[in-house]
Every structure is written in C-alpha cells, then in structure tokens.
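Colleague: I'm passing along upload.txt; it holds compact mmCIF, C-alpha atoms and all ligand atoms.
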```
# COMPACT_ATOMS: atom_id res chain seq x y z
CA MET A 1 18.50 2.71 14.26
CA PRO A 2 19.29 6.07 15.99
CA SER A 3 16.66 7.68 18.22
CA LYS A 4 15.15 10.10 15.63
CA VAL A 5 14.72 8.43 12.27
CA SER A 6 12.86 10.28 9.53
CA LEU A 7 10.69 8.49 6.98
CA THR A 8 13.29 9.42 4.34
CA ARG A 9 16.05 7.75 6.30
CA TYR A 10 13.93 4.70 7.07
CA LEU A 11 13.18 4.25 3.36
CA VAL A 12 16.80 4.77 2.33
CA GLU A 13 17.81 2.08 4.82
CA GLN A 14 15.10 -0.25 3.54
CA GLN A 15 16.56 0.29 0.07
CA ARG A 16 20.27 0.25 0.92
CA ILE A 17 20.71 -2.16 3.78
CA ASP A 18 17.78 -4.47 3.50
CA GLY A 19 17.32 -4.32 -0.28
CA HIS A 20 13.55 -4.36 0.18
CA ILE A 21 12.62 -1.53 -2.11
CA PRO A 22 13.91 -0.21 -5.40
CA SER A 23 14.72 3.53 -5.52
CA GLN A 24 11.70 4.29 -7.72
CA LEU A 25 9.38 2.87 -5.07
CA ARG A 26 11.19 4.77 -2.32
CA LEU A 27 10.74 8.05 -4.20
CA LEU A 28 7.09 7.26 -4.87
CA LEU A 29 6.46 6.68 -1.14
CA GLU A 30 8.15 9.97 -0.32
CA VAL A 31 5.82 11.76 -2.73
CA VAL A 32 2.77 10.06 -1.20
CA ALA A 33 3.97 11.15 2.25
CA ARG A 34 4.41 14.74 1.04
CA ALA A 35 0.89 14.71 -0.37
CA CYS A 36 -0.42 13.42 2.99
CA LYS A 37 1.36 16.32 4.69
CA SER A 38 -0.53 18.79 2.47
CA ILE A 39 -3.83 17.01 3.11
CA SER A 40 -3.10 17.13 6.83
CA GLN A 41 -2.64 20.90 6.59
CA ALA A 42 -5.96 21.32 4.80
CA VAL A 43 -7.68 19.10 7.39
CA ASN A 44 -6.17 21.11 10.25
CA LYS A 45 -7.43 24.42 8.86
CA GLY A 46 -11.01 23.16 8.84
CA ALA A 47 -13.54 25.96 8.53
CA LEU A 48 -10.72 28.53 8.43
CA GLY A 49 -9.61 27.08 5.09
CA SER A 50 -13.14 26.84 3.61
CA VAL A 51 -12.76 23.08 3.26
CA MET A 52 -15.75 21.96 5.33
CA GLY A 53 -19.11 20.76 4.05
CA SER A 54 -20.31 19.02 0.95
CA ALA A 55 -19.44 19.69 -2.66
CA GLU A 56 -22.33 19.57 -5.10
CA SER A 57 -21.27 16.26 -6.58
CA GLU A 58 -21.46 12.49 -6.12
CA ASN A 59 -18.59 10.04 -6.49
CA VAL A 60 -18.69 6.81 -8.47
CA GLN A 61 -20.23 5.00 -5.47
CA GLY A 62 -23.17 7.44 -5.53
CA GLU A 63 -22.02 9.08 -2.28
CA ILE A 64 -22.15 12.86 -1.81
CA GLN A 65 -18.58 14.15 -1.94
CA LYS A 66 -17.21 16.43 0.73
CA LYS A 67 -15.05 19.34 -0.38
CA LEU A 68 -12.11 17.70 1.36
CA ASP A 69 -12.65 14.43 -0.58
CA ILE A 70 -12.12 16.34 -3.80
CA ILE A 71 -9.20 18.41 -2.48
CA ALA A 72 -7.40 15.32 -1.15
CA ASN A 73 -7.92 13.50 -4.46
CA GLU A 74 -6.45 16.44 -6.41
CA VAL A 75 -3.49 16.76 -4.04
CA LEU A 76 -2.60 13.08 -4.54
CA ILE A 77 -2.95 13.21 -8.34
CA GLU A 78 -0.99 16.45 -8.72
CA ALA A 79 1.82 15.35 -6.39
CA ASN A 80 2.28 12.00 -8.12
CA GLU A 81 1.66 12.53 -11.83
CA TRP A 82 5.00 14.08 -12.83
CA GLY A 83 7.53 12.21 -10.67
CA GLY A 84 8.33 9.43 -13.14
CA HIS A 85 7.48 6.61 -10.70
CA LEU A 86 3.95 5.88 -11.83
CA ALA A 87 2.16 4.57 -14.87
CA GLY A 88 -1.30 5.24 -13.50
CA MET A 89 -3.54 5.89 -10.51
CA ALA A 90 -7.00 4.81 -9.36
CA SER A 91 -9.05 6.43 -6.65
CA GLU A 92 -12.23 5.67 -4.77
CA GLU A 93 -13.37 9.13 -5.85
CA MET A 94 -12.84 8.66 -9.62
CA GLU A 95 -14.83 6.45 -11.94
CA GLY A 96 -11.99 5.40 -14.24
CA ILE A 97 -8.25 5.10 -13.92
CA TYR A 98 -5.92 8.08 -14.30
CA VAL A 99 -3.16 7.40 -16.81
CA VAL A 100 -0.05 9.52 -16.26
CA PRO A 101 -0.01 11.90 -19.28
CA ASN A 102 2.79 11.17 -21.74
CA ARG A 103 4.27 14.64 -21.30
CA TYR A 104 5.63 13.22 -18.02
CA PRO A 105 8.10 10.34 -17.65
CA GLN A 106 6.39 6.96 -17.14
CA GLY A 107 7.16 4.75 -14.16
CA GLU A 108 6.49 1.10 -13.43
CA TYR A 109 4.09 1.43 -10.49
CA LEU A 110 0.35 1.85 -10.02
CA LEU A 111 -1.03 3.83 -7.09
CA LEU A 112 -4.51 3.22 -5.67
CA PHE A 113 -6.03 5.33 -2.92
CA ASP A 114 -8.98 6.36 -0.86
CA PRO A 115 -8.03 10.04 -0.56
CA LEU A 116 -10.15 10.72 2.51
CA ASP A 117 -11.58 7.78 4.40
CA GLY A 118 -14.28 8.51 6.97
CA SER A 119 -15.61 11.65 5.29
CA SER A 120 -18.61 11.83 7.62
CA ASN A 121 -16.13 12.68 10.39
CA ILE A 122 -14.68 15.76 8.67
CA ASP A 123 -17.25 18.28 9.81
CA ILE A 124 -17.33 16.97 13.40
CA ASN A 125 -13.54 17.10 13.92
CA VAL A 126 -13.03 13.37 14.39
CA SER A 127 -10.17 11.29 12.90
CA ILE A 128 -10.06 10.64 9.16
CA GLY A 129 -7.30 9.39 6.88
CA THR A 130 -5.81 8.61 3.48
CA ILE A 131 -5.34 4.94 2.53
CA PHE A 132 -2.98 3.87 -0.27
CA SER A 133 -1.79 0.74 -2.05
CA VAL A 134 1.01 0.31 -4.59
CA LEU A 135 1.12 -2.37 -7.29
CA LYS A 136 3.64 -3.03 -10.02
CA MET A 137 2.67 -2.85 -13.69
CA PRO A 138 2.49 -6.37 -15.11
CA GLU A 139 5.74 -7.43 -16.84
CA GLY A 140 6.00 -6.58 -20.51
CA ASP A 141 2.79 -4.53 -20.45
CA ARG A 142 2.84 -1.54 -22.82
CA GLY A 143 0.22 1.05 -22.03
CA VAL A 144 -1.95 1.19 -18.93
CA ASP A 145 -5.53 0.05 -18.75
CA GLU A 146 -7.93 -0.95 -16.00
CA SER A 147 -7.00 -4.63 -16.22
CA ASP A 148 -3.45 -3.78 -15.03
CA PHE A 149 -4.92 -2.73 -11.68
CA LEU A 150 -6.90 -5.92 -11.18
CA GLN A 151 -4.29 -7.73 -9.12
CA ALA A 152 -4.89 -9.66 -5.89
CA GLY A 153 -3.86 -7.85 -2.69
CA ARG A 154 -0.96 -10.23 -2.07
CA GLN A 155 0.76 -8.62 -5.06
CA GLN A 156 0.98 -5.21 -3.38
CA VAL A 157 4.53 -3.88 -3.07
CA ALA A 158 3.67 -1.17 -0.54
CA ALA A 159 0.58 -0.19 1.43
CA GLY A 160 -0.30 2.20 4.18
CA TYR A 161 -2.42 5.00 5.49
CA CYS A 162 -2.04 8.40 7.02
CA ILE A 163 -4.37 9.17 9.90
CA TYR A 164 -5.31 12.80 10.61
CA GLY A 165 -6.22 12.75 14.27
CA PRO A 166 -4.77 14.35 17.41
CA GLN A 167 -1.48 13.49 15.66
CA THR A 168 -0.87 12.94 11.96
CA THR A 169 0.64 9.46 11.69
CA LEU A 170 1.72 7.57 8.60
CA VAL A 171 1.67 3.79 8.83
CA LEU A 172 3.51 1.80 6.19
CA THR A 173 4.48 -1.66 5.05
CA VAL A 174 6.77 -2.63 2.19
CA GLY A 175 6.49 -6.29 3.15
CA ASP A 176 8.94 -6.19 6.03
CA GLY A 177 6.65 -5.52 8.99
CA VAL A 178 4.75 -2.36 9.85
CA ALA A 179 6.33 0.96 10.80
CA MET A 180 4.65 4.11 12.15
CA PHE A 181 5.81 7.71 11.65
CA THR A 182 4.32 10.78 13.30
CA LEU A 183 4.46 14.16 11.59
CA ASP A 184 6.74 16.55 13.46
CA ARG A 185 5.19 19.83 12.37
CA GLU A 186 8.17 21.93 13.53
CA GLN A 187 10.61 19.85 11.45
CA GLY A 188 8.10 19.26 8.67
CA SER A 189 9.00 15.57 8.51
CA PHE A 190 7.57 12.20 9.49
CA VAL A 191 9.54 10.65 12.36
CA LEU A 192 9.64 6.93 13.16
CA ILE A 193 7.73 6.16 16.37
CA GLU A 194 7.43 2.38 16.13
CA GLU A 195 8.86 -0.46 14.09
CA ASN A 196 7.72 -4.08 13.87
CA VAL A 197 4.23 -3.26 15.12
CA GLN A 198 2.56 -6.43 16.46
CA ILE A 199 -1.12 -7.07 17.13
CA PRO A 200 -1.94 -9.31 20.09
CA GLU A 201 -3.57 -12.58 18.97
CA ASP A 202 -6.39 -12.22 21.51
CA THR A 203 -8.50 -9.22 22.35
CA LYS A 204 -11.45 -7.94 24.39
CA GLU A 205 -12.41 -5.18 21.96
CA PHE A 206 -14.56 -5.34 18.84
CA ALA A 207 -15.65 -2.80 16.23
CA ILE A 208 -18.82 -3.15 14.16
CA ASN A 209 -21.74 -0.87 13.33
CA MET A 210 -24.28 -2.46 15.71
CA SER A 211 -27.19 -0.58 14.12
CA ASN A 212 -27.00 -3.10 11.27
CA MET A 213 -27.44 -6.09 13.59
CA ARG A 214 -30.87 -7.05 12.24
CA HIS A 215 -29.41 -7.31 8.72
CA TRP A 216 -26.41 -9.50 9.56
CA ASP A 217 -25.82 -13.03 8.43
CA GLU A 218 -26.11 -15.84 11.01
CA PRO A 219 -22.34 -16.39 11.68
CA VAL A 220 -21.82 -12.68 12.47
CA LYS A 221 -24.90 -12.60 14.72
CA ARG A 222 -23.69 -15.70 16.56
CA TYR A 223 -20.21 -14.24 17.08
CA VAL A 224 -21.40 -10.83 18.33
CA ASP A 225 -24.08 -12.41 20.56
CA GLU A 226 -21.34 -14.44 22.22
CA LEU A 227 -19.23 -11.31 22.78
CA LEU A 228 -22.22 -9.45 24.24
CA ALA A 229 -22.93 -12.29 26.66
CA GLY A 230 -19.66 -11.37 28.38
CA LYS A 231 -18.27 -13.18 31.43
CA ASP A 232 -21.34 -15.39 31.81
CA GLY A 233 -21.46 -16.41 28.15
CA PRO A 234 -19.45 -18.97 26.15
CA ARG A 235 -16.43 -16.66 25.85
CA GLY A 236 -16.12 -16.26 29.62
CA LYS A 237 -14.96 -12.64 29.46
CA ASP A 238 -16.40 -9.16 28.95
CA PHE A 239 -15.82 -7.39 25.64
CA ASN A 240 -15.80 -3.66 24.94
CA MET A 241 -17.00 -2.01 21.72
CA ARG A 242 -15.64 0.93 19.67
CA TRP A 243 -16.79 2.34 16.31
CA VAL A 244 -15.24 5.49 14.83
CA ALA A 245 -16.97 5.17 11.40
CA ALA A 246 -13.61 5.69 9.73
CA MET A 247 -11.86 2.41 8.94
CA VAL A 248 -8.53 4.16 9.14
CA ALA A 249 -9.11 5.06 12.80
CA ASP A 250 -10.54 1.66 13.75
CA VAL A 251 -7.60 -0.13 12.09
CA HIS A 252 -5.14 2.24 13.73
CA ARG A 253 -6.56 1.36 17.16
CA ILE A 254 -6.21 -2.34 16.33
CA LEU A 255 -2.58 -1.90 15.25
CA CYS A 256 -1.92 -0.04 18.51
CA ARG A 257 -3.66 -2.39 20.97
CA GLY A 258 -5.43 -5.23 19.17
CA GLY A 259 -9.10 -5.81 18.47
CA ILE A 260 -11.36 -7.03 15.69
CA PHE A 261 -13.00 -4.88 13.00
CA MET A 262 -15.94 -6.10 10.95
CA TYR A 263 -17.90 -4.60 8.09
CA PRO A 264 -19.57 -7.82 6.94
CA TRP A 265 -21.90 -8.50 4.04
CA ASP A 266 -25.48 -7.84 5.15
CA LYS A 267 -29.03 -8.14 3.86
CA ARG A 268 -29.58 -4.44 3.18
CA GLU A 269 -28.13 -4.72 -0.31
CA PRO A 270 -27.66 -8.48 -0.71
CA GLU A 271 -26.32 -8.20 -4.26
CA LYS A 272 -23.29 -6.26 -2.98
CA ALA A 273 -20.43 -8.25 -1.47
CA GLY A 274 -20.04 -5.64 1.28
CA LYS A 275 -19.74 -1.91 1.83
CA LEU A 276 -15.98 -1.41 1.82
CA ARG A 277 -13.87 -1.24 -1.31
CA LEU A 278 -11.44 -4.11 -1.96
CA MET A 279 -8.74 -2.19 -3.80
CA TYR A 280 -8.70 1.10 -1.85
CA GLU A 281 -9.55 -0.01 1.68
CA ALA A 282 -9.55 -3.77 2.30
CA ASN A 283 -6.36 -4.78 0.47
CA PRO A 284 -3.98 -2.19 1.96
CA MET A 285 -5.46 -2.59 5.45
CA SER A 286 -5.39 -6.40 5.25
CA TRP A 287 -1.74 -6.42 4.27
CA LEU A 288 -0.84 -4.07 7.14
CA ILE A 289 -2.80 -6.26 9.56
CA GLU A 290 -1.15 -9.47 8.32
CA GLN A 291 2.27 -7.86 8.45
CA ALA A 292 1.58 -7.04 12.10
CA GLY A 293 0.68 -10.67 12.89
CA GLY A 294 -3.10 -10.33 12.51
CA ALA A 295 -5.50 -11.87 10.00
CA ALA A 296 -8.01 -10.57 7.43
CA THR A 297 -10.78 -12.49 5.67
CA ASN A 298 -14.10 -11.86 3.98
CA GLY A 299 -15.58 -14.56 6.25
CA LYS A 300 -14.62 -17.37 3.94
CA GLN A 301 -11.37 -16.47 2.27
CA ARG A 302 -8.17 -14.52 2.91
CA ILE A 303 -8.81 -11.01 1.54
CA LEU A 304 -5.35 -10.79 -0.04
CA ASP A 305 -6.16 -13.83 -2.21
CA ILE A 306 -9.32 -12.36 -3.75
CA GLN A 307 -8.93 -11.79 -7.48
CA PRO A 308 -10.66 -8.46 -8.20
CA GLY A 309 -13.10 -8.44 -11.11
CA LYS A 310 -13.46 -4.66 -11.26
CA LEU A 311 -11.82 -1.52 -9.95
CA HIS A 312 -14.51 -0.47 -7.49
CA GLU A 313 -15.25 -3.98 -6.22
CA ARG A 314 -16.69 -4.23 -2.71
CA VAL A 315 -15.93 -6.84 -0.11
CA SER A 316 -17.00 -8.09 3.29
CA VAL A 317 -14.23 -7.36 5.81
CA ILE A 318 -13.23 -9.09 9.05
CA LEU A 319 -9.75 -8.20 10.30
CA GLY A 320 -7.60 -7.81 13.39
CA SER A 321 -6.43 -10.06 16.21
CA LYS A 322 -5.73 -13.47 14.72
CA ASN A 323 -7.64 -15.76 17.05
CA GLU A 324 -10.84 -13.69 16.82
CA VAL A 325 -10.72 -13.43 13.02
CA GLU A 326 -10.17 -17.19 12.80
CA ARG A 327 -13.16 -17.77 15.08
CA VAL A 328 -15.58 -15.65 12.98
CA THR A 329 -14.21 -17.17 9.79
CA GLY A 330 -14.71 -20.63 11.32
CA TYR A 331 -18.37 -19.76 12.05
CA HIS A 332 -18.83 -18.78 8.38
CA LEU A 333 -17.23 -22.01 7.22
CA GLY A 334 -19.54 -24.01 9.46
CA ALA A 335 -16.93 -24.96 12.07
P1 LIG A 401 -17.01 7.45 4.23
O1 LIG A 401 -15.59 7.77 3.83
O2 LIG A 401 -17.97 7.56 3.08
O3 LIG A 401 -17.43 8.22 5.44
O4 LIG A 401 -17.06 5.89 4.61
C1 LIG A 401 -16.24 5.39 5.59
C2 LIG A 401 -16.29 3.91 5.54
O5 LIG A 401 -16.07 3.45 4.23
C3 LIG A 401 -15.29 3.23 6.50
O6 LIG A 401 -14.14 3.99 6.68
C4 LIG A 401 -16.09 3.04 7.76
O7 LIG A 401 -15.65 1.95 8.53
C5 LIG A 401 -17.49 2.81 7.24
O8 LIG A 401 -17.56 3.46 5.98
C6 LIG A 401 -18.53 3.36 8.14
O9 LIG A 401 -19.77 3.01 7.64
P2 LIG A 401 -21.14 3.24 8.47
O10 LIG A 401 -21.42 4.71 8.38
O11 LIG A 401 -22.12 2.41 7.70
O12 LIG A 401 -20.93 2.77 9.86
```
For this file, write the structure as structure tokens.
Modeller:
Amino acid sequence: MPSKVSLTRYLVEQQRIDGHIPSQLRLLLEVVARACKSISQAVNKGALGSVMGSAESENVQGEIQKKLDIIANEVLIEANEWGGHLAGMASEEMEGIYVVPNRYPQGEYLLLFDPLDGSSNIDINVSIGTIFSVLKMPEGDRGVDESDFLQAGRQQVAAGYCIYGPQTTLVLTVGDGVAMFTLDREQGSFVLIEENVQIPEDTKEFAINMSNMRHWDEPVKRYVDELLAGKDGPRGKDFNMRWVAAMVADVHRILCRGGIFMYPWDKREPEKAGKLRLMYEANPMSWLIEQAGGAATNGKQRILDIQPGKLHERVSVILGSKNEVERVTGYHLGA
C-alpha cells in the first residue's frame, strides 16, 4: 500500500481486492470511525466543553455514569441509527437493546459497544476509549430482539476500539489481522500506521489490579507470585507491572509491545463470573488479541467460544502474549 493510507482507502481495499468485507459493513465501520472522531473532540475539550464530572444517573451495571459516558453513547446511537447498515445496537450504558426505528432503512448488522471505557480516567486526563463489536443478524430472522445479539465472540465480523490518549488511534480487525490508524487532526481522517500487528509470544510485563490480590483464586495467586519472585524465582526473570484502569489502554500497550492482562474472577462477588463485560469488552478485545497472534481465555476456556446467556454477561479475562496466557490457563486447568 502507498505511504499514507486512510481508513476509507484501507476498507475499500479490504472490500475490493481482498473481498473480506461487504460494502454495508465497510460503510458501517466508516460511521463508527466518524462517531469516534466526534467523541475524541469532546474528550479533548475536557472542562472547556463542560463534559467533565458525573451525571446524576447510574447505568445498568449500577455504576455512576460520567457525563462523557452518556455523550459518547448518544453520539454512537445518533451516528449509526439512520445509515441503513444496522438492525440494532446494544451498549454497556443501556439496559435493553436499541432497535433501529422503522422510519430508517434496516440493515443486516448488529453493533455492540462500550462507549467510553475507563471512565474513572476522564477527569484525571488519562487514556480512555470506545470499544465496539459487529455481529450479523441471524439468517432469516425477521425483527430484532435480544436473542439475536447472544452470539459467541467467534461470530464477530468486525471488532475494534478507538483510544483517546496522547494520540487518537483506531484499532480494527475484520478477520484479516489487526490494523492501526491514527487520527490526523489537520486532515480530519484516520491514517494507517501499522498493519498485521503481532504480539510477541513471551513477555516480561503484566497488568492486573494488585489491590485485589487477597481475593484471587489460587491459580492466579500462584502465577502472580511466580512473576513477583523475579530472577530468583521459578520464572528466572524479572517482570514489570502496569495498570491503567482502562482495558482499552492496557490492551493497546499489549498490542504495541506484548504483555498479559488479567481481570480474573475473584471472591469479592463470587456469584459474578468477573468484572468485565463479555459482549462489549472481552469479545472484541479477545478477537483483536487472537488476530495479532495472542490468546484470550477466562482461565478455562477460549473467550470467543463462550455462548452468552444474557446481554450484560460478565466474564473473567486473561489475554495477551500467548505463552503467558497458556501458562495461567494451564494453572486453572490443574496442569
Ligand atoms: P470504567 O469504565 O467503569 O472505569 O471501568 C473500566 C474497566 O471496566 C476496565 O476498562 C478496567 O480494566 C477495569 O474496569 C478497571 O477496574 P478496577 O478499577 O477495578 O481496577
């Protein structure tokens, strides 16, 4: 490809040359990217745009919503509802699904998103992001309902995120590897910065919220203890730790230089499978990670094979450099 390739051109080539995506999906991804551009502008304005702080509401997970959570959700709904590519949407911030009103043309795709991941970082000017996942409506289905969304992650047809950090970067897979595009604010377009992103199989960097250590399950404790033991321990090398408290930023670091990210099940709320959401966070991120040569499990099973039972299902997440993920998974399976 030539030196400066826009997202539009990349998608057209995916459609035309490689035959990977139908035109409706290409147009849908362009709309998602445009919405991310608007969210990026709102994020950049910060206090100058009156977008900081909490709204006086809770989302379906019982978490206090930030003003930007609500703004980002509205931007994504409004940008996508009339384009004719979608049948419905589901968001971490909304209790039920959003069916595209019948005054607009109906499409064959379903869009799921976490409009603003890492909300606790908004007010302190640290990276946050939008995560999205695209599924196809089941064949022959007439009329959208929640059950149409309950598809395993391996059935995604596109997935990605947009990180709002020092740069705004959109990371995408349509099942043909992972590509990264940085927003060129002067041109107003996303420009390809890397194709065929690959995660090293080994790493010396891990990401986990260590304050939960006393609540972890035995296999996670064993694994992290071994990392902490460093050069003199069973792993024979020193490990470094990072935790941004925004999955989007931790996963972005792993796609850039490897590492392992864990938000495992723990004993704080044992009835919950984990903290992170399967459909809005774990599935899109797991597909990106696998497409970049990494692995993603819930400790026992490949995340992309989990059959969701409900829209807001939670899951334990272990993803990143392949050999490390296999090791922790092995500990869970008793190896
Ligand atoms: P928020 O969007 O509610 O801030 O949650 C972010 C998140 O779901 C995920 O992006 C982080 O990895 C994780 O929560 C951080 O959780 P802790 O605050 O428990 O470390």
Colleague: Write as a PyMOL selection string the residues around ligand LIG 401 (chain A), taking 10 Å as the cut-off and counting only C-alpha atoms and all ligand atoms.
Modeller: chain A and resi 59+61+63-66+69+92+114-122+128-131+207-212+243-251+261-263+275-277+280-282+317
Colleague: Find, counting all atoms listed in the file, the residue in A:Leu27, A:Ile70, A:Gly258, A:Pro105 that gets nearest to Met52 (chain A).
Modeller: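 Smallest separation from Met52 (chain A) among the options: A:Ile70.
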Colleague: Compile the contact shell of region 325-329 of chain A as a PyMOL selection string: residues with an atom at most 10 Å away, counting all atoms listed in the file, same-chain residues fewer than 4 positions apart removed.
Modeller: chain A and resi 201-202+219-224+259-262+294-302+318-321+333-335
Colleague: Can you tell me, as an MDAnalysis selection string, what residues are no more than 8 Å from region 167-176 of chain A when counting all atoms listed in the file, ignoring any on the same chain fewer than 4 positions away?
Modeller: chainID A and resid 20:21 33 40 157:163 180:183 190 287:288 291
Colleague: Show which residues sit within 10 Å of Pro101 (chain A), as a list in words. Count all atoms listed in the file, and ignore same-chain residues fewer than 2 positions away.
Modeller: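 My reading of the contact set: Glu81, Trp82, Ala87, Gly88, Tyr98, Val99, Arg103, Tyr104, Pro105 and Gln106 of chain A.
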Colleague: As an exercise, work out the distance from CA of Glu146 (chain A) to CA of Glu95 (chain A) in Å and give it to one decimal place.
Modeller: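 It comes out at 10.9 Å.
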Colleague: Quick check, in Å to one decimal: how far apart do CA of Thr8 (chain A) and CA of Leu68 (chain A) lie?
Modeller: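 Between CA of Thr8 (chain A) and CA of Leu68 (chain A) the gap is 26.9 Å.
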Colleague: Check the smallest atom-to-atom distance from each of A:Ile124, A:Arg26, A:Val31, A:Met241 to Gly165 (chain A) using all atoms listed in the file, then report the winner.
Modeller: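 Counting all atoms listed in the file, the residue closest to Gly165 (chain A) is A:Ile124.
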Colleague: Of the candidates A:Lys67, A:Arg34, A:Arg154, A:His252, which one gets nearest to Asn80 (chain A) if we count all atoms listed in the file?
Modeller: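 That would be A:Arg34, the residue with the smallest distance to Asn80 (chain A).
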Colleague: Where does region 115-213 of chain A meet region 236-240 of chain A within 9 Å, residue by residue, with the nearest atom pair and distance in Å to one decimal for each, counting all atoms listed in the file, listed by chain and rising number, as JSON lines?
Modeller:
```
{"residue": "A:Thr203", "atom": "CA", "partner": "A:Phe239", "partner_atom": "CA", "distance": 8.2}
{"residue": "A:Lys204", "atom": "CA", "partner": "A:Phe239", "partner_atom": "CA", "distance": 4.6}
{"residue": "A:Glu205", "atom": "CA", "partner": "A:Asn240", "partner_atom": "CA", "distance": 4.8}
{"residue": "A:Phe206", "atom": "CA", "partner": "A:Asn240", "partner_atom": "CA", "distance": 6.4}
{"residue": "A:Ala207", "atom": "CA", "partner": "A:Asn240", "partner_atom": "CA", "distance": 8.8}
```
Colleague: So how far away is CA of Ser3 (chain A) from CA of Phe132 (chain A), in Å?
Modeller: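 Between CA of Phe132 (chain A) and CA of Ser3 (chain A) the gap works out to 27.2 Å.
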Colleague: From the list A:Leu86, A:Ala72, A:Ile303, A:Leu112, which residue is nearest Asn283 (chain A) when using only C-alpha atoms?
Modeller: A:Ile303
Colleague: Find, counting only C-alpha atoms, the residue in A:Lys37, A:Lys272, A:Arg16, A:Arg253 that gets nearest to Ser127 (chain A).
Modeller: A:Arg253
Colleague: Using all atoms listed in the file, can you tell me which of A:Val32, A:Leu255, A:Ala152, A:Leu76 comes closest to Gly177 (chain A)?
Modeller: A:Leu255
Colleague: Give, as lines of an AutoDock Vina configuration file, the centre coordinates and the x, y and z edge lengths in Å to one decimal for an axis-aligned box around all listed atoms of region 317-332 of chain A, padded by 6 Å on each side.
Modeller:
```
center_x = -12.3
center_y = -14.0
center_z = 11.4
size_x = 25.1
size_y = 25.3
size_z = 23.2
```
Colleague: Taking the point (11.5, 1.2, -8.1) as given in the file, collect each protein or nucleic acid residue that comes within 9 Å of it, counting all atoms listed in the file, and present the set as a list in words.
Modeller: Ile21, Pro22, Ser23, Gln24, Leu25, Arg26, Leu27, Leu28, His85, Gly107, Glu108 and Tyr109 of chain A
Colleague: Using all atoms listed in the file, determine which residues lie at most 7 Å from Ser6 (chain A), disregarding the query and same-chain residues fewer than 6 positions distant; provide the list as a JSON list (two decimals) with C-alpha atoms, keeping the file's coordinate frame.
Modeller:
```json
[["chain", "number", "residue", "atom", "x", "y", "z"],
["A", 189, "SER", "CA", 9.00, 15.57, 8.51],
["A", 190, "PHE", "CA", 7.57, 12.20, 9.49],
["A", 191, "VAL", "CA", 9.54, 10.65, 12.36],
["A", 192, "LEU", "CA", 9.64, 6.93, 13.16]]
```
Colleague: Determine, counting all atoms listed in the file, which protein, DNA and RNA residues have an atom within 9 Å of an atom of Phe149 (chain A); residues of the same chain fewer than 4 positions away are not included. Present the result as a count of residues only.
Modeller: 17
